[in-house]
file protein_32.cif (mmCIF, C-alpha atoms and all ligand atoms)
data_coords
#
loop_
_atom_site.label_atom_id
_atom_site.label_comp_id
_atom_site.auth_asym_id
_atom_site.auth_seq_id
_atom_site.Cartn_x
_atom_site.Cartn_y
_atom_site.Cartn_z
CA MET A 70 270.10 -140.35 -76.63
CA ASN A 71 270.40 -136.86 -78.01
CA THR A 72 266.95 -135.38 -78.38
CA ASN A 73 268.04 -131.85 -79.25
CA PRO A 74 266.82 -130.46 -82.53
CA ILE A 75 269.38 -130.39 -85.30
CA ASN A 76 272.04 -127.82 -84.48
CA LEU A 77 275.40 -127.26 -86.09
CA SER A 78 277.37 -129.97 -84.29
CA ASN A 79 274.55 -132.47 -84.77
CA SER A 80 274.66 -131.56 -88.43
CA ASP A 81 278.35 -132.55 -88.60
CA LEU A 82 277.55 -135.86 -86.93
CA ILE A 83 274.72 -136.52 -89.35
CA GLU A 84 277.14 -135.94 -92.25
CA GLN A 85 279.57 -138.46 -90.79
CA HIS A 86 276.87 -141.05 -90.27
CA ILE A 87 275.39 -140.61 -93.74
CA GLU A 88 278.88 -141.16 -95.14
CA GLU A 89 279.09 -144.42 -93.15
CA ILE A 90 275.68 -145.52 -94.42
CA LEU A 91 276.78 -144.84 -98.01
CA LYS A 92 279.71 -147.23 -97.45
CA LEU A 93 277.55 -149.81 -95.70
CA ILE A 94 275.00 -150.00 -98.54
CA GLY A 95 277.91 -150.73 -100.89
CA ASP A 96 278.58 -147.38 -102.52
CA ASN A 97 281.66 -145.18 -102.50
CA PRO A 98 281.15 -141.83 -100.73
CA ASP A 99 284.26 -140.45 -102.44
CA ARG A 100 282.92 -140.69 -105.98
CA THR A 101 281.98 -137.39 -107.59
CA GLY A 102 278.20 -137.75 -107.45
CA LEU A 103 278.23 -138.59 -103.74
CA LYS A 104 280.94 -136.21 -102.61
CA ASP A 105 278.50 -133.62 -101.25
CA THR A 106 275.62 -135.96 -100.49
CA PRO A 107 276.23 -136.25 -96.71
CA ARG A 108 276.34 -132.46 -96.42
CA ARG A 109 273.21 -132.07 -98.54
CA VAL A 110 271.32 -134.70 -96.54
CA ALA A 111 272.27 -133.05 -93.23
CA LYS A 112 271.18 -129.69 -94.58
CA MET A 113 267.90 -131.09 -95.82
CA TYR A 114 267.23 -132.79 -92.46
CA LYS A 115 267.40 -129.38 -90.81
CA GLU A 116 264.40 -128.40 -92.83
CA THR A 117 262.45 -131.63 -93.11
CA PHE A 118 262.91 -132.43 -89.40
CA ARG A 119 262.45 -128.94 -88.00
CA GLY A 120 259.35 -130.21 -86.22
CA TYR A 121 261.62 -131.31 -83.35
CA ASP A 122 262.54 -127.69 -82.66
CA PRO A 123 259.93 -125.96 -80.48
CA GLU A 124 261.35 -122.58 -81.49
CA GLN A 125 260.27 -123.16 -85.07
CA LYS A 126 256.69 -123.88 -84.13
CA PRO A 127 254.57 -121.32 -86.00
CA VAL A 128 252.93 -118.66 -83.89
CA ILE A 129 249.22 -118.85 -84.58
CA THR A 130 247.24 -115.73 -83.76
CA VAL A 131 243.52 -116.08 -83.28
CA PHE A 132 240.95 -113.30 -83.58
CA PRO A 133 237.64 -112.71 -81.89
CA ASN A 134 234.76 -113.98 -83.99
CA ASN A 135 232.84 -110.72 -84.03
CA ASP A 136 235.25 -108.26 -85.61
CA ASP A 137 233.35 -105.67 -87.63
CA GLY A 138 230.16 -106.83 -85.95
CA ILE A 139 230.04 -109.95 -88.11
CA LYS A 140 229.91 -113.29 -86.38
CA TYR A 141 230.52 -116.31 -88.52
CA ASN A 142 228.76 -119.55 -87.61
CA GLN A 143 229.21 -121.72 -90.66
CA MET A 144 231.87 -124.20 -91.64
CA ILE A 145 235.25 -122.76 -92.61
CA GLY A 146 237.33 -125.12 -94.70
CA ASP A 147 240.86 -125.43 -96.00
CA LYS A 148 242.76 -127.97 -98.02
CA GLY A 149 246.34 -128.43 -99.02
CA TYR A 150 249.27 -130.77 -99.37
CA PHE A 151 251.56 -132.22 -96.74
CA TYR A 152 254.86 -134.08 -96.75
CA SER A 153 256.10 -136.15 -93.82
CA HIS A 154 258.36 -139.11 -93.06
CA CYS A 155 257.13 -142.42 -91.72
CA GLU A 156 258.77 -143.30 -88.46
CA HIS A 157 259.11 -146.97 -89.33
CA HIS A 158 261.21 -146.56 -92.48
CA MET A 159 262.20 -142.89 -92.60
CA VAL A 160 260.82 -142.47 -96.11
CA PRO A 161 258.17 -139.97 -97.16
CA PHE A 162 254.46 -140.26 -96.92
CA PHE A 163 252.60 -137.37 -98.48
CA GLY A 164 249.25 -136.31 -99.75
CA GLU A 165 246.32 -134.01 -99.19
CA TYR A 166 244.61 -132.74 -96.12
CA TYR A 167 241.11 -131.36 -95.71
CA PHE A 168 240.40 -129.26 -92.68
CA ALA A 169 237.24 -127.62 -91.42
CA TYR A 170 235.97 -125.97 -88.30
CA ILE A 171 232.87 -124.27 -87.07
CA PRO A 172 234.00 -121.32 -85.00
CA ASN A 173 232.83 -120.40 -81.58
CA LYS A 174 234.41 -117.26 -80.11
CA LYS A 175 237.66 -117.38 -82.07
CA ILE A 176 238.72 -117.58 -85.69
CA VAL A 177 242.13 -118.11 -87.30
CA GLY A 178 243.74 -116.88 -90.50
CA ILE A 179 243.25 -119.85 -92.81
CA SER A 180 246.84 -119.70 -94.14
CA LYS A 181 248.03 -120.58 -90.63
CA ILE A 182 246.52 -124.04 -90.92
CA ALA A 183 249.02 -124.97 -93.62
CA ARG A 184 251.93 -123.74 -91.51
CA LEU A 185 250.82 -125.86 -88.59
CA VAL A 186 250.35 -128.92 -90.82
CA ASP A 187 253.88 -128.37 -92.20
CA TYR A 188 255.37 -128.07 -88.72
CA TYR A 189 253.80 -131.24 -87.32
CA SER A 190 254.71 -133.08 -90.54
CA ALA A 191 258.38 -132.14 -90.17
CA LYS A 192 259.39 -135.05 -87.95
CA LEU A 193 259.13 -138.81 -87.99
CA GLN A 194 255.45 -139.57 -87.82
CA VAL A 195 252.66 -142.03 -88.28
CA GLN A 196 249.72 -140.59 -90.15
CA GLU A 197 247.28 -141.31 -87.31
CA ARG A 198 249.30 -139.31 -84.77
CA LEU A 199 249.98 -136.50 -87.22
CA THR A 200 246.24 -136.08 -87.78
CA ILE A 201 245.52 -136.01 -84.05
CA GLU A 202 248.37 -133.65 -83.17
CA ILE A 203 247.16 -131.04 -85.66
CA VAL A 204 243.57 -131.28 -84.43
CA ASN A 205 244.63 -131.13 -80.77
CA GLU A 206 246.61 -127.96 -81.34
CA LEU A 207 243.85 -126.21 -83.30
CA GLU A 208 241.20 -127.29 -80.84
CA ARG A 209 243.29 -125.88 -78.00
CA LEU A 210 243.73 -122.55 -79.81
CA LEU A 211 240.22 -122.12 -81.19
CA LYS A 212 237.90 -124.06 -78.88
CA PRO A 213 235.56 -124.35 -81.87
CA LYS A 214 232.06 -125.81 -82.02
CA GLY A 215 233.38 -128.46 -84.32
CA ILE A 216 236.67 -129.43 -85.91
CA ALA A 217 237.56 -132.03 -88.53
CA LEU A 218 240.64 -133.14 -90.40
CA VAL A 219 241.01 -135.80 -93.09
CA MET A 220 244.43 -136.76 -94.42
CA LYS A 221 244.91 -138.89 -97.55
CA ALA A 222 248.44 -140.03 -98.20
CA ARG A 223 250.71 -142.22 -100.28
CA HIS A 224 253.29 -144.09 -98.23
CA LEU A 225 256.48 -144.75 -100.16
CA CYS A 226 257.57 -147.49 -97.73
CA LYS A 227 254.49 -149.37 -98.87
CA GLU A 228 254.64 -148.47 -102.56
CA MET A 229 258.37 -149.04 -103.14
CA ARG A 230 258.55 -152.45 -101.58
CA GLY A 231 256.91 -155.83 -102.08
CA VAL A 232 253.91 -155.92 -104.39
CA LYS A 233 254.11 -152.54 -106.08
CA LYS A 234 250.56 -151.34 -105.94
CA HIS A 235 249.90 -147.76 -106.85
CA ASN A 236 247.18 -145.52 -105.55
CA VAL A 237 246.87 -147.50 -102.36
CA GLY A 238 246.39 -144.42 -100.26
CA MET A 239 245.82 -144.35 -96.56
CA ILE A 240 243.08 -142.18 -95.09
CA THR A 241 242.93 -140.95 -91.52
CA SER A 242 240.35 -138.68 -90.00
CA GLU A 243 239.61 -136.97 -86.74
CA MET A 244 236.25 -135.30 -86.07
CA ARG A 245 235.12 -133.57 -82.95
CA GLY A 246 232.20 -131.56 -81.62
CA VAL A 247 229.49 -130.80 -84.15
CA PHE A 248 231.17 -132.92 -86.83
CA LEU A 249 230.93 -135.92 -84.56
CA LYS A 250 227.39 -135.32 -83.31
CA ASN A 251 225.67 -133.90 -86.37
CA ALA A 252 225.35 -136.07 -89.48
CA SER A 253 224.59 -133.20 -91.85
CA ALA A 254 227.63 -131.18 -90.70
CA ARG A 255 229.76 -134.29 -91.18
CA ALA A 256 228.27 -134.90 -94.62
CA GLU A 257 228.94 -131.29 -95.64
CA PHE A 258 232.58 -131.67 -94.63
CA LEU A 259 233.06 -135.09 -96.21
CA ASN A 260 231.65 -133.71 -99.43
CA LEU A 261 234.50 -131.20 -99.45
CA THR A 262 237.05 -134.01 -99.21
CA LYS A 263 235.71 -135.72 -102.34
CA ASP A 264 236.34 -133.06 -104.93
CA ASN A 265 239.21 -134.84 -106.64
ZN ZN A 301 256.85 -146.95 -93.24
#
call {"tool": "encode", "arguments": {"input": "protein_32.cif", "output": "structure tokens"}}
result
Amino acid sequence: MNTNPINLSNSDLIEQHIEEILKLIGDNPDRTGLKDTPRRVAKMYKETFRGYDPEQKPVITVFPNNDDGIKYNQMIGDKGYFYSHCEHHMVPFFGEYYFAYIPNKKIVGISKIARLVDYYSAKLQVQERLTIEIVNELERLLKPKGIALVMKARHLCKEMRGVKKHNVGMITSEMRGVFLKNASARAEFLNLTKDN
């Protein structure tokens, strides 16, 4: 099995295999609309599956939590969107994430959270593992007093097939440290996840 991230020769092979799949599902890869589809899919995979390439892992710089003589001890939160692919069907699952931490000695630029979420989302995943991988990495970097992540997602493999129920989101969460031990810290964070 080739476990290398997508490089140029892999990209050619992906094109060939997508062309085969187009034939096997009953379509004609030579018709105008599909002519460039294998190339486009291979090119898109380079981006949407870049999470297999360790060189593309974002470099996250952390700062001491007492720059300018100010030490921050409260919850720092972030929210955003994420897009991943389920490993069982290779179709997207996507939604919102809510992140918070209570710093100890280190803090991180909040925009870096989104870049890390994007990176770990860019491979075949299950939502449970995605949630844990992001928290593990940030816990390792920050060693915070508390860290929490909630992910709410729509899974197209579920929505597109069988009984077509909409808004049947899946929610995963991972809480550690203060967020696990202290009910009011947890409540403060969970309140943040409810604002839409
Ligand atoms: Zn699936």
call {"tool": "residues_near_ligand", "arguments": {"input": "protein_32.cif", "ligand": "ligand ZN 301 (chain A)", "cutoff": "10 Å", "atoms": "only C-alpha atoms and all ligand atoms", "output": "ChimeraX atom specification"}}
result
/A:154-162,193-195,224-228
call {"tool": "residues_around", "arguments": {"input": "protein_32.cif", "residues": "range 197-203 of chain A", "least_positions_apart": "5", "cutoff": "8 Å", "atoms": "only C-alpha atoms", "output": "PyMOL selection string"}}
result
chain A and resi 185-186+189-190+218-220+241-243
call {"tool": "closest_residue", "arguments": {"input": "protein_32.cif", "among": "A:Ala111, A:Ile176, A:Ile90, A:Ala169", "to": "Ile139 in chain A", "atoms": "only C-alpha atoms"}}
result
A:Ile176
call {"tool": "atom_distance", "arguments": {"input": "protein_32.cif", "atom1": "CA of Val177 in chain A", "atom2": "CA of Leu211 in chain A"}}
result
7.6 Å
call {"tool": "atom_distance", "arguments": {"input": "protein_32.cif", "atom1": "CA of Gln85 in chain A", "atom2": "CA of Pro107 in chain A"}}
result
7.1 Å
call {"tool": "atom_distance", "arguments": {"input": "protein_32.cif", "atom1": "CA of Arg119 in chain A", "atom2": "CA of Ala191 in chain A"}}
result
5.6 Å
call {"tool": "closest_residue", "arguments": {"input": "protein_32.cif", "among": "A:Ile240, A:Ala254, A:Leu210, A:Met113", "to": "Ile171 in chain A", "atoms": "all atoms listed in the file"}}
result
A:Ala254
call {"tool": "closest_residue", "arguments": {"input": "protein_32.cif", "among": "A:Thr106, A:Asn260, A:Thr117, A:Asn173", "to": "His86 in chain A", "atoms": "only C-alpha atoms"}}
result
A:Thr106
call {"tool": "axis_aligned_box", "arguments": {"input": "protein_32.cif", "around": "range 223-230 of chain A", "padding_each_side": "5 Å", "output": "AutoDock Vina command-line options"}}
result
--center_x 254.6 --center_y -147.3 --center_z -100.4 --size_x 17.8 --size_y 20.2 --size_z 15.4
call {"tool": "residues_around", "arguments": {"input": "protein_32.cif", "residues": "Tyr188 in chain A", "least_positions_apart": "3", "cutoff": "10 Å", "atoms": "all atoms listed in the file", "output": "PyMOL selection string"}}
result
chain A and resi 116-123+125-127+151+153+182-185+191-192+203
call {"tool": "residues_near_point", "arguments": {"input": "protein_32.cif", "point": "(236.6, -130.4, -97.8)", "cutoff": "12 Å", "atoms": "all atoms listed in the file", "output": "PyMOL selection string"}}
result
chain A and resi 144-149+165-170+216-221+242+254-265
call {"tool": "write_last_selection", "arguments": {"input": "protein_32.cif", "atoms": "C-alpha atoms", "output": "PDB file, in the coordinates of the input"}}
result
ATOM      1  CA  MET A 144     231.870-124.200 -91.640  1.00  0.00           C
ATOM      2  CA  ILE A 145     235.250-122.760 -92.610  1.00  0.00           C
ATOM      3  CA  GLY A 146     237.330-125.120 -94.700  1.00  0.00           C
ATOM      4  CA  ASP A 147     240.860-125.430 -96.000  1.00  0.00           C
ATOM      5  CA  LYS A 148     242.760-127.970 -98.020  1.00  0.00           C
ATOM      6  CA  GLY A 149     246.340-128.430 -99.020  1.00  0.00           C
ATOM      7  CA  GLU A 165     246.320-134.010 -99.190  1.00  0.00           C
ATOM      8  CA  TYR A 166     244.610-132.740 -96.120  1.00  0.00           C
ATOM      9  CA  TYR A 167     241.110-131.360 -95.710  1.00  0.00           C
ATOM     10  CA  PHE A 168     240.400-129.260 -92.680  1.00  0.00           C
ATOM     11  CA  ALA A 169     237.240-127.620 -91.420  1.00  0.00           C
ATOM     12  CA  TYR A 170     235.970-125.970 -88.300  1.00  0.00           C
ATOM     13  CA  ILE A 216     236.670-129.430 -85.910  1.00  0.00           C
ATOM     14  CA  ALA A 217     237.560-132.030 -88.530  1.00  0.00           C
ATOM     15  CA  LEU A 218     240.640-133.140 -90.400  1.00  0.00           C
ATOM     16  CA  VAL A 219     241.010-135.800 -93.090  1.00  0.00           C
ATOM     17  CA  MET A 220     244.430-136.760 -94.420  1.00  0.00           C
ATOM     18  CA  LYS A 221     244.910-138.890 -97.550  1.00  0.00           C
ATOM     19  CA  SER A 242     240.350-138.680 -90.000  1.00  0.00           C
ATOM     20  CA  ALA A 254     227.630-131.180 -90.700  1.00  0.00           C
ATOM     21  CA  ARG A 255     229.760-134.290 -91.180  1.00  0.00           C
ATOM     22  CA  ALA A 256     228.270-134.900 -94.620  1.00  0.00           C
ATOM     23  CA  GLU A 257     228.940-131.290 -95.640  1.00  0.00           C
ATOM     24  CA  PHE A 258     232.580-131.670 -94.630  1.00  0.00           C
ATOM     25  CA  LEU A 259     233.060-135.090 -96.210  1.00  0.00           C
ATOM     26  CA  ASN A 260     231.650-133.710 -99.430  1.00  0.00           C
ATOM     27  CA  LEU A 261     234.500-131.200 -99.450  1.00  0.00           C
ATOM     28  CA  THR A 262     237.050-134.010 -99.210  1.00  0.00           C
ATOM     29  CA  LYS A 263     235.710-135.720-102.340  1.00  0.00           C
ATOM     30  CA  ASP A 264     236.340-133.060-104.930  1.00  0.00           C
ATOM     31  CA  ASN A 265     239.210-134.840-106.640  1.00  0.00           C
TER      32      ASN A 265
END
call {"tool": "closest_residue", "arguments": {"input": "protein_32.cif", "among": "A:Met229, A:Leu93, A:Ile129, A:Met239", "to": "Ile179 in chain A", "atoms": "all atoms listed in the file"}}
result
A:Ile129
call {"tool": "closest_residue", "arguments": {"input": "protein_32.cif", "among": "A:Ala252, A:Val247, A:Lys181, A:Ser80", "to": "Val131 in chain A", "atoms": "all atoms listed in the file"}}
result
A:Lys181
call {"tool": "closest_residue", "arguments": {"input": "protein_32.cif", "among": "A:Lys104, A:Lys214, A:Arg209, A:Arg230", "to": "Asn251 in chain A", "atoms": "only C-alpha atoms"}}
result
A:Lys214
